[in-house]
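Source file: model-v5.cif (mmCIF, C-alpha atoms and all ligand atoms)
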```cif
data_target
#
loop_
_atom_site.label_atom_id
_atom_site.label_comp_id
_atom_site.auth_asym_id
_atom_site.auth_seq_id
_atom_site.Cartn_x
_atom_site.Cartn_y
_atom_site.Cartn_z
CA MET A 1 -95.31 -81.22 -141.22
CA ASN A 2 -91.52 -80.99 -141.55
CA ILE A 3 -89.99 -77.89 -139.94
CA LEU A 4 -86.41 -76.89 -140.81
CA ALA A 5 -84.87 -74.74 -138.07
CA ILE A 6 -81.68 -72.68 -137.95
CA GLU A 7 -79.83 -71.49 -134.82
CA SER A 8 -76.77 -69.20 -134.83
CA SER A 9 -77.28 -66.82 -131.89
CA CYS A 10 -73.84 -67.31 -130.27
CA ASP A 11 -71.06 -69.76 -131.22
CA GLU A 12 -72.99 -72.82 -132.42
CA THR A 13 -74.11 -73.13 -136.03
CA ALA A 14 -77.04 -75.53 -136.02
CA CYS A 15 -79.81 -76.88 -138.22
CA ALA A 16 -82.46 -79.47 -137.34
CA ILE A 17 -85.49 -80.96 -139.03
CA LEU A 18 -88.51 -81.99 -137.02
CA HIS A 19 -91.56 -83.94 -138.18
CA ASP A 20 -94.22 -82.73 -135.73
CA THR A 21 -92.49 -83.54 -132.40
CA THR A 22 -90.20 -86.22 -133.85
CA LEU A 23 -86.62 -85.28 -134.60
CA LEU A 24 -85.43 -86.31 -138.08
CA SER A 25 -82.00 -84.67 -137.93
CA ASN A 26 -79.97 -82.46 -135.62
CA VAL A 27 -76.63 -80.97 -136.72
CA VAL A 28 -74.58 -78.74 -134.41
CA VAL A 29 -71.17 -77.31 -135.29
CA SER A 30 -69.65 -75.72 -132.20
CA GLN A 31 -66.86 -73.14 -132.17
CA ILE A 32 -65.86 -74.07 -128.62
CA ASP A 33 -62.45 -75.38 -129.73
CA ILE A 34 -61.68 -72.08 -131.48
CA PHE A 35 -62.61 -69.99 -128.43
CA LYS A 36 -60.82 -72.22 -125.88
CA ALA A 37 -57.59 -70.44 -126.86
CA TYR A 38 -59.13 -67.03 -126.05
CA GLY A 39 -61.13 -68.03 -122.97
CA GLY A 40 -64.37 -66.62 -124.43
CA VAL A 41 -66.33 -65.82 -127.59
CA ILE A 42 -65.06 -63.09 -129.94
CA PRO A 43 -68.22 -61.87 -131.73
CA GLU A 44 -66.66 -61.04 -135.12
CA VAL A 45 -64.80 -64.35 -135.27
CA ALA A 46 -68.04 -66.20 -134.38
CA ALA A 47 -69.93 -64.46 -137.20
CA ARG A 48 -67.23 -65.34 -139.78
CA ASN A 49 -67.31 -68.98 -138.71
CA HIS A 50 -71.12 -69.09 -138.93
CA LEU A 51 -70.84 -67.81 -142.50
CA GLU A 52 -68.51 -70.66 -143.45
CA ALA A 53 -70.49 -73.36 -141.64
CA ILE A 54 -74.11 -72.49 -142.27
CA LEU A 55 -74.73 -73.92 -145.77
CA PRO A 56 -72.91 -77.24 -145.16
CA VAL A 57 -74.76 -77.59 -141.83
CA ILE A 58 -78.15 -77.09 -143.53
CA ASP A 59 -77.22 -79.52 -146.35
CA LYS A 60 -76.21 -82.14 -143.79
CA ALA A 61 -79.43 -81.71 -141.79
CA ILE A 62 -81.48 -82.21 -144.98
CA SER A 63 -79.49 -85.26 -146.04
CA ASP A 64 -79.50 -86.81 -142.50
CA ALA A 65 -83.30 -86.42 -142.46
CA LYS A 66 -83.51 -88.05 -145.92
CA THR A 67 -85.72 -85.25 -147.11
CA SER A 68 -85.55 -82.36 -149.59
CA TRP A 69 -86.68 -78.73 -149.73
CA LYS A 70 -89.96 -79.69 -151.40
CA ASP A 71 -90.96 -81.68 -148.27
CA ILE A 72 -90.15 -78.86 -145.86
CA GLY A 73 -93.40 -77.23 -144.66
CA ALA A 74 -91.93 -74.30 -142.70
CA ILE A 75 -88.64 -72.65 -141.74
CA ALA A 76 -87.83 -71.39 -138.24
CA VAL A 77 -84.93 -69.22 -137.12
CA THR A 78 -83.55 -67.60 -133.96
CA HIS A 79 -83.75 -63.83 -134.51
CA THR A 80 -83.29 -62.54 -130.92
CA PRO A 81 -81.49 -62.23 -128.46
CA GLY A 82 -77.81 -63.00 -129.13
CA LEU A 83 -74.68 -61.65 -130.81
CA LEU A 84 -75.55 -59.25 -133.59
CA GLY A 85 -73.27 -60.68 -136.31
CA SER A 86 -74.10 -64.28 -135.37
CA LEU A 87 -77.87 -63.65 -135.45
CA LEU A 88 -77.52 -61.92 -138.82
CA ILE A 89 -76.00 -64.95 -140.54
CA GLY A 90 -78.74 -67.38 -139.46
CA THR A 91 -81.58 -64.93 -140.01
CA LEU A 92 -80.46 -63.79 -143.48
CA THR A 93 -79.98 -67.42 -144.51
CA ALA A 94 -83.47 -68.37 -143.29
CA ARG A 95 -85.06 -65.34 -144.98
CA THR A 96 -83.31 -66.19 -148.26
CA PHE A 97 -84.45 -69.84 -148.23
CA ALA A 98 -88.00 -68.85 -147.21
CA ILE A 99 -88.23 -66.52 -150.22
CA LEU A 100 -86.42 -68.89 -152.60
CA HIS A 101 -88.54 -71.95 -151.73
CA ASP A 102 -91.70 -70.03 -150.86
CA LYS A 103 -92.01 -71.38 -147.29
CA PRO A 104 -93.63 -69.78 -144.22
CA LEU A 105 -90.98 -68.35 -141.87
CA TYR A 106 -91.22 -68.39 -138.06
CA ALA A 107 -89.02 -65.99 -136.06
CA ILE A 108 -88.25 -67.58 -132.70
CA HIS A 109 -87.03 -66.00 -129.44
CA HIS A 110 -83.92 -67.86 -128.19
CA LEU A 111 -85.21 -68.32 -124.62
CA LYS A 112 -88.50 -69.70 -125.92
CA SER A 113 -86.40 -72.32 -127.74
CA HIS A 114 -84.45 -73.18 -124.58
CA ILE A 115 -87.73 -73.65 -122.66
CA TYR A 116 -89.28 -75.75 -125.46
CA SER A 117 -86.24 -78.07 -125.52
CA ASN A 118 -88.24 -79.93 -122.84
CA TRP A 119 -90.94 -80.82 -125.40
CA ILE A 120 -88.63 -82.45 -127.99
CA GLU A 121 -89.79 -86.03 -128.67
CA GLN A 122 -92.39 -85.79 -125.87
CA ASN A 123 -95.96 -86.78 -126.71
CA SER A 124 -98.78 -84.91 -125.00
CA SER A 125 -99.26 -87.52 -122.25
CA VAL A 126 -95.72 -87.08 -120.90
CA ALA A 127 -95.01 -83.46 -121.93
CA PRO A 128 -94.91 -80.72 -119.25
CA LYS A 129 -98.34 -79.59 -118.00
CA PHE A 130 -99.53 -76.03 -117.35
CA PRO A 131 -99.38 -73.85 -115.36
CA LEU A 132 -95.64 -74.27 -115.11
CA LEU A 133 -92.49 -72.51 -114.01
CA ALA A 134 -89.45 -72.40 -116.29
CA LEU A 135 -86.00 -71.74 -114.84
CA VAL A 136 -83.89 -70.42 -117.72
CA ILE A 137 -80.21 -70.66 -116.78
CA SER A 138 -77.76 -69.98 -119.59
CA GLY A 139 -74.68 -68.00 -120.55
CA GLY A 140 -76.64 -64.76 -120.92
CA HIS A 141 -79.81 -65.21 -118.86
CA THR A 142 -81.13 -66.26 -115.45
CA GLN A 143 -84.90 -66.00 -115.29
CA ILE A 144 -87.94 -67.64 -113.73
CA ILE A 145 -90.81 -67.57 -116.20
CA TYR A 146 -94.45 -68.40 -115.42
CA MET A 147 -96.38 -70.04 -118.26
CA LYS A 148 -100.13 -70.47 -117.86
CA GLU A 149 -100.37 -72.10 -121.31
CA HIS A 150 -98.35 -72.58 -124.50
CA ASN A 151 -96.76 -69.35 -125.82
CA SER A 152 -97.65 -67.33 -122.72
CA PHE A 153 -94.63 -66.00 -120.83
CA GLU A 154 -94.48 -63.88 -117.68
CA ILE A 155 -91.00 -63.11 -116.34
CA ILE A 156 -91.39 -63.30 -112.55
CA GLY A 157 -87.69 -63.23 -111.65
CA THR A 158 -84.53 -62.17 -113.42
CA THR A 159 -80.88 -61.48 -112.63
CA LEU A 160 -80.00 -57.96 -111.58
CA ASP A 161 -76.44 -58.34 -112.89
CA ASP A 162 -74.53 -61.41 -114.17
CA ALA A 163 -76.16 -64.55 -115.55
CA VAL A 164 -75.40 -67.76 -113.67
CA GLY A 165 -73.62 -69.31 -116.70
CA GLU A 166 -71.47 -66.19 -116.98
CA CYS A 167 -70.64 -66.58 -113.28
CA PHE A 168 -69.54 -70.22 -113.83
CA ASP A 169 -67.36 -69.01 -116.73
CA LYS A 170 -65.78 -66.18 -114.71
CA VAL A 171 -65.11 -68.30 -111.61
CA ALA A 172 -63.54 -70.96 -113.87
CA LYS A 173 -61.16 -68.27 -115.18
CA ILE A 174 -60.14 -67.29 -111.65
CA LEU A 175 -59.43 -70.97 -110.91
CA GLY A 176 -57.54 -71.44 -114.19
CA LEU A 177 -60.08 -73.98 -115.53
CA PRO A 178 -60.63 -74.15 -119.32
CA TYR A 179 -63.47 -72.51 -121.29
CA PRO A 180 -66.40 -73.11 -121.20
CA GLY A 181 -66.36 -72.75 -117.44
CA GLY A 182 -69.57 -74.60 -116.54
CA PRO A 183 -68.49 -78.12 -117.53
CA SER A 184 -64.93 -77.47 -116.21
CA ILE A 185 -66.22 -76.38 -112.80
CA ALA A 186 -68.57 -79.38 -112.67
CA LYS A 187 -65.70 -81.76 -113.45
CA ALA A 188 -63.28 -80.18 -110.96
CA ALA A 189 -66.05 -80.15 -108.31
CA GLU A 190 -66.35 -83.95 -108.43
CA LYS A 191 -63.12 -84.22 -106.42
CA GLY A 192 -63.78 -81.24 -104.14
CA ASN A 193 -65.40 -80.62 -100.78
CA PRO A 194 -68.56 -78.48 -101.31
CA ASP A 195 -68.54 -77.40 -97.65
CA LYS A 196 -64.93 -76.25 -97.53
CA TYR A 197 -65.63 -72.58 -98.34
CA LYS A 198 -68.81 -70.68 -97.39
CA PHE A 199 -70.04 -68.00 -99.79
CA PRO A 200 -72.92 -65.64 -98.97
CA HIS A 201 -76.32 -65.77 -100.66
CA PRO A 202 -77.63 -62.43 -102.01
CA LYS A 203 -80.24 -60.79 -99.80
CA ILE A 204 -83.05 -60.18 -102.28
CA ASP A 205 -86.62 -60.69 -101.02
CA ASN A 206 -88.37 -61.11 -104.34
CA LEU A 207 -87.72 -63.65 -107.10
CA ASN A 208 -84.77 -61.79 -108.64
CA PHE A 209 -81.22 -63.11 -108.69
CA SER A 210 -77.75 -61.60 -108.37
CA PHE A 211 -74.52 -63.42 -109.20
CA SER A 212 -71.84 -60.73 -109.38
CA GLY A 213 -71.38 -60.78 -105.57
CA LEU A 214 -70.78 -64.54 -105.61
CA LYS A 215 -68.09 -64.16 -108.27
CA THR A 216 -66.37 -61.45 -106.17
CA ALA A 217 -66.72 -63.54 -102.98
CA VAL A 218 -64.88 -66.41 -104.69
CA LEU A 219 -62.18 -64.02 -105.92
CA ARG A 220 -61.65 -62.50 -102.45
CA THR A 221 -61.55 -65.91 -100.74
CA VAL A 222 -59.01 -67.19 -103.27
CA GLN A 223 -56.86 -64.07 -102.68
CA LYS A 224 -57.13 -64.54 -98.90
CA THR A 225 -56.29 -68.25 -99.15
CA CYS A 226 -53.23 -67.42 -101.28
CA SER A 227 -52.23 -64.58 -98.89
CA VAL A 228 -52.07 -61.96 -101.67
CA SER A 229 -53.43 -58.41 -101.79
CA LEU A 230 -56.78 -57.39 -103.38
CA ASP A 231 -55.01 -55.91 -106.40
CA TYR A 232 -53.15 -59.12 -107.20
CA PRO A 233 -53.94 -59.94 -110.88
CA SER A 234 -56.79 -62.47 -110.94
CA HIS A 235 -55.40 -64.32 -114.00
CA ASP A 236 -52.26 -65.21 -111.98
CA LEU A 237 -54.06 -66.68 -108.97
CA LYS A 238 -54.32 -70.10 -110.60
CA ASN A 239 -50.53 -70.49 -110.28
CA LEU A 240 -50.77 -70.17 -106.51
CA LEU A 241 -53.53 -72.74 -105.99
CA THR A 242 -53.05 -76.49 -105.45
CA SER A 243 -55.28 -78.87 -107.42
CA GLU A 244 -57.01 -79.80 -104.15
CA GLN A 245 -57.81 -76.14 -103.45
CA ILE A 246 -59.12 -75.68 -107.01
CA ALA A 247 -61.43 -78.69 -106.57
CA ASP A 248 -62.69 -77.39 -103.21
CA PHE A 249 -63.33 -73.90 -104.62
CA ALA A 250 -65.15 -75.38 -107.65
CA ALA A 251 -67.33 -77.61 -105.44
CA SER A 252 -68.11 -74.87 -102.90
CA PHE A 253 -68.95 -72.34 -105.62
CA GLN A 254 -71.12 -74.83 -107.52
CA LYS A 255 -73.03 -75.76 -104.35
CA THR A 256 -73.72 -72.08 -103.58
CA ALA A 257 -74.84 -71.28 -107.15
CA VAL A 258 -77.15 -74.33 -107.22
CA ASP A 259 -78.64 -73.45 -103.80
CA ILE A 260 -79.27 -69.82 -104.86
CA LEU A 261 -81.10 -70.99 -108.01
CA LEU A 262 -83.20 -73.63 -106.24
CA GLU A 263 -84.05 -71.39 -103.26
CA LYS A 264 -85.68 -68.91 -105.62
CA LEU A 265 -87.42 -71.63 -107.56
CA VAL A 266 -88.89 -73.08 -104.37
CA LEU A 267 -89.99 -69.58 -103.36
CA ALA A 268 -91.67 -69.11 -106.76
CA GLU A 269 -93.43 -72.45 -106.43
CA THR A 270 -94.85 -71.45 -103.04
CA LYS A 271 -95.99 -68.06 -104.39
CA TYR A 272 -97.69 -69.38 -107.53
CA GLU A 273 -100.46 -71.87 -106.84
CA ASN A 274 -101.13 -75.16 -108.50
CA ILE A 275 -97.86 -75.40 -110.45
CA LYS A 276 -98.02 -78.69 -112.37
CA SER A 277 -94.52 -78.76 -113.86
CA ILE A 278 -91.13 -77.15 -113.45
CA VAL A 279 -88.92 -77.08 -116.54
CA PHE A 280 -85.22 -76.30 -116.52
CA ALA A 281 -83.66 -74.76 -119.62
CA GLY A 282 -80.34 -73.45 -120.97
CA GLY A 283 -76.72 -74.60 -120.78
CA VAL A 284 -76.46 -74.60 -116.98
CA SER A 285 -79.38 -77.06 -116.78
CA ALA A 286 -76.86 -79.75 -117.84
CA ASN A 287 -75.24 -79.43 -114.40
CA LYS A 288 -75.47 -82.76 -112.59
CA ALA A 289 -75.29 -81.31 -109.05
CA LEU A 290 -78.25 -79.06 -109.91
CA ARG A 291 -80.22 -81.98 -111.36
CA LYS A 292 -79.55 -84.13 -108.30
CA LYS A 293 -80.56 -81.47 -105.79
CA ALA A 294 -83.65 -80.42 -107.78
CA ASN A 295 -84.74 -84.06 -107.90
CA GLU A 296 -84.27 -84.36 -104.14
CA ILE A 297 -86.28 -81.22 -103.43
CA PHE A 298 -89.16 -81.74 -105.81
CA SER A 299 -89.47 -85.50 -106.15
CA SER A 300 -91.29 -86.52 -102.95
CA LEU A 301 -92.18 -85.45 -99.43
CA GLU A 302 -89.71 -87.94 -98.02
CA THR A 303 -86.69 -86.65 -99.88
CA SER A 304 -87.78 -83.04 -99.36
CA ILE A 305 -87.70 -83.67 -95.63
CA GLU A 306 -84.29 -85.20 -95.99
CA VAL A 307 -82.84 -82.06 -97.62
CA SER A 308 -84.62 -79.85 -95.08
CA LYS A 309 -81.93 -80.31 -92.45
CA GLU A 310 -80.62 -77.56 -90.19
CA ASN A 311 -78.07 -76.27 -92.68
CA GLN A 312 -80.57 -75.81 -95.51
CA PRO A 313 -81.56 -72.28 -96.50
CA GLU A 314 -84.98 -71.09 -95.28
CA PRO A 315 -87.08 -71.70 -98.42
CA PHE A 316 -86.04 -75.36 -98.55
CA LYS A 317 -87.35 -75.78 -94.99
CA LYS A 318 -90.62 -74.05 -95.81
CA ARG A 319 -91.25 -76.44 -98.64
CA LYS A 320 -91.48 -79.34 -96.22
CA ASN A 321 -95.16 -78.59 -95.57
CA THR A 322 -96.19 -78.13 -99.18
CA ALA A 323 -94.51 -81.09 -100.78
CA ASN A 324 -97.54 -83.41 -101.03
CA GLU A 325 -98.40 -82.31 -104.55
CA SER A 326 -94.90 -81.90 -105.92
CA PRO A 327 -94.80 -80.57 -109.47
CA ARG A 328 -93.13 -82.87 -111.98
CA ILE A 329 -89.72 -81.60 -113.00
CA TYR A 330 -88.24 -81.71 -116.48
CA PHE A 331 -84.68 -81.34 -117.71
CA PRO A 332 -83.77 -81.20 -121.39
CA ALA A 333 -81.80 -84.19 -122.67
CA PRO A 334 -78.11 -83.17 -122.27
CA GLN A 335 -77.64 -82.69 -126.05
CA PHE A 336 -80.51 -80.15 -126.04
CA SER A 337 -79.47 -78.09 -122.98
CA GLY A 338 -76.91 -75.96 -124.88
CA ASP A 339 -77.64 -74.17 -128.15
CA ASN A 340 -79.13 -76.36 -130.90
CA ALA A 341 -81.75 -76.03 -133.63
CA ALA A 342 -84.03 -78.90 -132.55
CA MET A 343 -85.33 -76.62 -129.79
CA VAL A 344 -86.01 -73.87 -132.35
CA ALA A 345 -87.99 -76.31 -134.48
CA ILE A 346 -90.12 -77.54 -131.56
CA ALA A 347 -90.82 -73.95 -130.46
CA ALA A 348 -92.02 -73.20 -134.00
CA TYR A 349 -94.17 -76.35 -133.96
CA TYR A 350 -96.00 -75.08 -130.85
CA GLU A 351 -96.36 -71.61 -132.40
CA ILE A 352 -98.03 -73.21 -135.41
CA GLN A 353 -100.26 -75.30 -133.10
CA SER A 354 -101.30 -72.10 -131.30
CA GLY A 355 -102.25 -70.44 -134.59
CA ILE A 356 -99.44 -67.87 -134.51
CA GLU A 357 -98.91 -66.36 -137.96
CA PRO A 358 -95.56 -66.64 -139.77
CA THR A 359 -93.41 -63.56 -140.18
CA ASN A 360 -92.59 -61.57 -143.33
CA PRO A 361 -89.32 -62.92 -144.80
CA TYR A 362 -88.67 -59.61 -146.59
CA THR A 363 -88.70 -57.53 -143.41
CA LEU A 364 -87.66 -59.83 -140.50
CA ASP A 365 -85.05 -58.03 -138.41
CA ILE A 366 -82.72 -59.19 -135.65
CA SER A 367 -82.39 -57.80 -132.15
CA PRO A 368 -79.37 -58.50 -129.88
CA ARG A 369 -81.48 -57.87 -126.76
CA SER A 370 -85.15 -58.46 -126.07
CA ASN A 371 -87.40 -60.03 -123.46
CA ILE A 372 -89.38 -63.16 -124.17
CA SER A 373 -93.05 -62.37 -124.93
N1 LIG B 1 -72.47 -78.77 -116.72
C1 LIG B 1 -72.59 -77.43 -116.65
N2 LIG B 1 -72.66 -76.83 -115.43
C2 LIG B 1 -72.78 -75.50 -115.31
N3 LIG B 1 -72.82 -74.66 -116.38
C3 LIG B 1 -72.76 -75.20 -117.60
C4 LIG B 1 -72.65 -76.60 -117.81
N4 LIG B 1 -72.59 -76.84 -119.15
C5 LIG B 1 -72.66 -75.62 -119.76
N5 LIG B 1 -72.75 -74.64 -118.83
C6 LIG B 1 -72.81 -73.20 -119.05
O1 LIG B 1 -73.88 -72.90 -119.91
C7 LIG B 1 -73.59 -71.69 -120.63
C8 LIG B 1 -73.90 -71.88 -122.09
O2 LIG B 1 -75.27 -72.13 -122.21
P1 LIG B 1 -76.09 -71.61 -123.46
O3 LIG B 1 -75.44 -72.13 -124.68
O4 LIG B 1 -77.51 -71.96 -123.23
O5 LIG B 1 -75.88 -70.06 -123.29
P2 LIG B 1 -75.83 -68.95 -124.41
O6 LIG B 1 -76.59 -69.44 -125.59
O7 LIG B 1 -74.41 -68.55 -124.58
O8 LIG B 1 -76.61 -67.77 -123.70
P3 LIG B 1 -78.17 -67.41 -123.90
O9 LIG B 1 -78.89 -68.70 -124.12
O10 LIG B 1 -78.53 -66.74 -122.63
O11 LIG B 1 -78.19 -66.51 -125.08
C9 LIG B 1 -72.12 -71.37 -120.38
O12 LIG B 1 -72.05 -70.32 -119.47
C10 LIG B 1 -71.58 -72.68 -119.80
O13 LIG B 1 -70.48 -72.48 -118.93
MG MG B 2 -78.45 -70.28 -125.46
#
```
Once more with this new file: its structure as structure tokens, please.
Ligand SMILES: Nc1ncnc2c1ncn2[C@@H]1O[C@H](COP(=O)(O)OP(=O)(O)OP(=O)(O)O)[C@@H](O)[C@H]1O
Ligand SMILES: [Mg+2]
Amino acid sequence: MNILAIESSCDETACAILHDTTLLSNVVVSQIDIFKAYGGVIPEVAARNHLEAILPVIDKAISDAKTSWKDIGAIAVTHTPGLLGSLLIGTLTARTFAILHDKPLYAIHHLKSHIYSNWIEQNSSVAPKFPLLALVISGGHTQIIYMKEHNSFEIIGTTLDDAVGECFDKVAKILGLPYPGGPSIAKAAEKGNPDKYKFPHPKIDNLNFSFSGLKTAVLRTVQKTCSVSLDYPSHDLKNLLTSEQIADFAASFQKTAVDILLEKLVLAETKYENIKSIVFAGGVSANKALRKKANEIFSSLETSIEVSKENQPEPFKKRKNTANESPRIYFPAPQFSGDNAAMVAIAAYYEIQSGIEPTNPYTLDISPRSNIS
């Protein structure tokens, strides 16, 4: 069956068509260049741009897939969570087409889509196996989710304040690096020393995260390094830093953020038995330093021992004894780690496989905030 999916939850207008698990087309129009000038997304501007882009994007997805409305079996759309105006444009468009062409409509949770980006173009022999842990790391969320089977989600850890992607974006601003902050920090970090500055890890015993303290720790260390007072305007600090210092701050921050994420993931894997797969999801999962370290920790006993040196945080050491049956780890292909509609289509495919009923196109509503369920 061909599924046409629409995504517009933040600043990407996207449409994709999937035939079962095979991608026929994938169109993403990003507003990143517009928001670079402002250093962040302006919700009303994003909604206006979605309105202009959405119909051409859908037309292009249909023509790239060499199909037509009559061969579309179902429509899927992101209806929660996200920016209110942005969600409205995609959802109203999907509802209209579902009614106009008499197609079943599937309302998809955005984090479910991010998780399912790991199933795109994967046949059942290589797809992630259950039970699994999903680490959702994006601009708005940082969660560890336990899945015992398809379409079953238990949030076992979540951030108590900022999301990790938001933290990358805010630290990039302090360092004067361009929006979006994640890729800018990663690039600057390539030339930096990750051990130059030490930032504390939050002291939280359970599987929850906190990132606002890390952001403040970077700010305070930059102020101290530049010998300015605590009330010195943070947007001016970049003018006092050398490019070498910026690279060292980027690398040290990135290392700390990656370690905090993986520490909790390792802890979750030791708490939940028999985990077969670990899937990473969301924009931050594109981070190469994270991918490298996760591969080192989870790939084999040998490399786990290697990372379990003196300076490793406690959970990494603990894992040394349990690494015989390492779960297989999955990262979305880089083009599917940020927002796109292919991940919405694949999530709908697995809803249909699980026998989940379509929604009513006359009444489907949006919700800016909601937990995955
Ligand atoms: N290479 C990278 N390293 C670290 N962070 C990255 C990288 N690439 C992108 N990011 C971060 O990913 C985030 C965007 O991801 P995504 O598009 O999944 O989030 P969102 O859709 O805005 O939020 P949510 O999915 O929670 O609603 C931004 O914070 C961005 O800085
Ligand atoms: Mg997203």
Between chain A and ligand MG 2 (chain B), at 10 Å or less, what are the per-residue closest atom pairs and their distances in Å? Count only C-alpha atoms and all ligand atoms, order by chain and rising residue number, and return it as JSON lines.
```
{"residue": "A:Glu7", "atom": "CA", "partner": "B:MG2", "partner_atom": "MG", "distance": 9.5}
{"residue": "A:Ser8", "atom": "CA", "partner": "B:MG2", "partner_atom": "MG", "distance": 9.6}
{"residue": "A:Ser9", "atom": "CA", "partner": "B:MG2", "partner_atom": "MG", "distance": 7.4}
{"residue": "A:Cys10", "atom": "CA", "partner": "B:MG2", "partner_atom": "MG", "distance": 7.3}
{"residue": "A:Asp11", "atom": "CA", "partner": "B:MG2", "partner_atom": "MG", "distance": 9.4}
{"residue": "A:Glu12", "atom": "CA", "partner": "B:MG2", "partner_atom": "MG", "distance": 9.2}
{"residue": "A:Pro81", "atom": "CA", "partner": "B:MG2", "partner_atom": "MG", "distance": 9.1}
{"residue": "A:Gly82", "atom": "CA", "partner": "B:MG2", "partner_atom": "MG", "distance": 8.2}
{"residue": "A:His110", "atom": "CA", "partner": "B:MG2", "partner_atom": "MG", "distance": 6.6}
{"residue": "A:Leu111", "atom": "CA", "partner": "B:MG2", "partner_atom": "MG", "distance": 7.1}
{"residue": "A:Ser113", "atom": "CA", "partner": "B:MG2", "partner_atom": "MG", "distance": 8.5}
{"residue": "A:His114", "atom": "CA", "partner": "B:MG2", "partner_atom": "MG", "distance": 6.7}
{"residue": "A:Val136", "atom": "CA", "partner": "B:MG2", "partner_atom": "MG", "distance": 9.5}
{"residue": "A:Ile137", "atom": "CA", "partner": "B:MG2", "partner_atom": "MG", "distance": 8.9}
{"residue": "A:Ser138", "atom": "CA", "partner": "B:MG2", "partner_atom": "MG", "distance": 5.9}
{"residue": "A:Gly139", "atom": "CA", "partner": "B:MG2", "partner_atom": "MG", "distance": 6.6}
{"residue": "A:Gly140", "atom": "CA", "partner": "B:MG2", "partner_atom": "MG", "distance": 7.4}
{"residue": "A:His141", "atom": "CA", "partner": "B:MG2", "partner_atom": "MG", "distance": 8.4}
{"residue": "A:Ala281", "atom": "CA", "partner": "B:MG2", "partner_atom": "MG", "distance": 9.0}
{"residue": "A:Gly282", "atom": "CA", "partner": "B:MG2", "partner_atom": "MG", "distance": 5.8}
{"residue": "A:Gly283", "atom": "CA", "partner": "B:MG2", "partner_atom": "MG", "distance": 6.6}
{"residue": "A:Val284", "atom": "CA", "partner": "B:MG2", "partner_atom": "MG", "distance": 9.7}
{"residue": "A:Ser337", "atom": "CA", "partner": "B:MG2", "partner_atom": "MG", "distance": 8.3}
{"residue": "A:Gly338", "atom": "CA", "partner": "B:MG2", "partner_atom": "MG", "distance": 5.9}
{"residue": "A:Asp339", "atom": "CA", "partner": "B:MG2", "partner_atom": "MG", "distance": 4.8}
{"residue": "A:Asn340", "atom": "CA", "partner": "B:MG2", "partner_atom": "MG", "distance": 8.2}
```
Would you export the selected residues with C-alpha atoms as an mmCIF file, in the frame of the given file, please?
```cif
data_model
loop_
_atom_site.group_PDB
_atom_site.id
_atom_site.type_symbol
_atom_site.label_atom_id
_atom_site.label_comp_id
_atom_site.auth_asym_id
_atom_site.auth_seq_id
_atom_site.Cartn_x
_atom_site.Cartn_y
_atom_site.Cartn_z
ATOM 1 C CA GLU A 7 -79.830 -71.490 -134.820
ATOM 2 C CA SER A 8 -76.770 -69.200 -134.830
ATOM 3 C CA SER A 9 -77.280 -66.820 -131.890
ATOM 4 C CA CYS A 10 -73.840 -67.310 -130.270
ATOM 5 C CA ASP A 11 -71.060 -69.760 -131.220
ATOM 6 C CA GLU A 12 -72.990 -72.820 -132.420
ATOM 7 C CA PRO A 81 -81.490 -62.230 -128.460
ATOM 8 C CA GLY A 82 -77.810 -63.000 -129.130
ATOM 9 C CA HIS A 110 -83.920 -67.860 -128.190
ATOM 10 C CA LEU A 111 -85.210 -68.320 -124.620
ATOM 11 C CA SER A 113 -86.400 -72.320 -127.740
ATOM 12 C CA HIS A 114 -84.450 -73.180 -124.580
ATOM 13 C CA VAL A 136 -83.890 -70.420 -117.720
ATOM 14 C CA ILE A 137 -80.210 -70.660 -116.780
ATOM 15 C CA SER A 138 -77.760 -69.980 -119.590
ATOM 16 C CA GLY A 139 -74.680 -68.000 -120.550
ATOM 17 C CA GLY A 140 -76.640 -64.760 -120.920
ATOM 18 C CA HIS A 141 -79.810 -65.210 -118.860
ATOM 19 C CA ALA A 281 -83.660 -74.760 -119.620
ATOM 20 C CA GLY A 282 -80.340 -73.450 -120.970
ATOM 21 C CA GLY A 283 -76.720 -74.600 -120.780
ATOM 22 C CA VAL A 284 -76.460 -74.600 -116.980
ATOM 23 C CA SER A 337 -79.470 -78.090 -122.980
ATOM 24 C CA GLY A 338 -76.910 -75.960 -124.880
ATOM 25 C CA ASP A 339 -77.640 -74.170 -128.150
ATOM 26 C CA ASN A 340 -79.130 -76.360 -130.900
#
```
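Between Met1 in chain A and the residues A:Thr93, A:Gln353, A:Thr225, A:Ser373, the shortest atom-to-atom distance, using only C-alpha atoms, involves A:Gln353.
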So that I can check the surroundings of Leu88 in chain A, please list as a PyMOL selection string every protein, DNA and RNA residue that reaches within 9 Å of it, counting all atoms listed in the file and ignoring chain neighbours fewer than 3 positions away.
chain A and resi 8-9+47+79+83-85+91-93+365-366
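Of note, CA of Thr216 in chain A and atom C5 of ligand LIG 1 (chain B) are spaced 20.6 Å apart.
Interatomic distance, CA of Ser299 in chain A against atom N3 of ligand LIG 1 (chain B): 22.3 Å.
Counting from CA of Lys112 in chain A, the distance to CA of Lys70 in chain A is 27.4 Å.
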Name the residues within 10 Å of (-88.9, -84.3, -135.2), counting all atoms listed in the file in the file's coordinates, and put them as number ranges by chain.
A: 1-4, 16-26, 65, 120-121, 342, 345-346, 349
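Using only C-alpha atoms, the shortest contact distance between Tyr330 in chain A and any of A:Ala163, A:Leu51, A:Val228, A:Ile115 is found at A:Ile115.
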Exercise: Leu100 in chain A partners within 12 Å, only C-alpha atoms, chain neighbours under 5 positions left out, as a VMD selection string:
chain A and resid 69 to 70 75 93 to 95 105 361 to 362
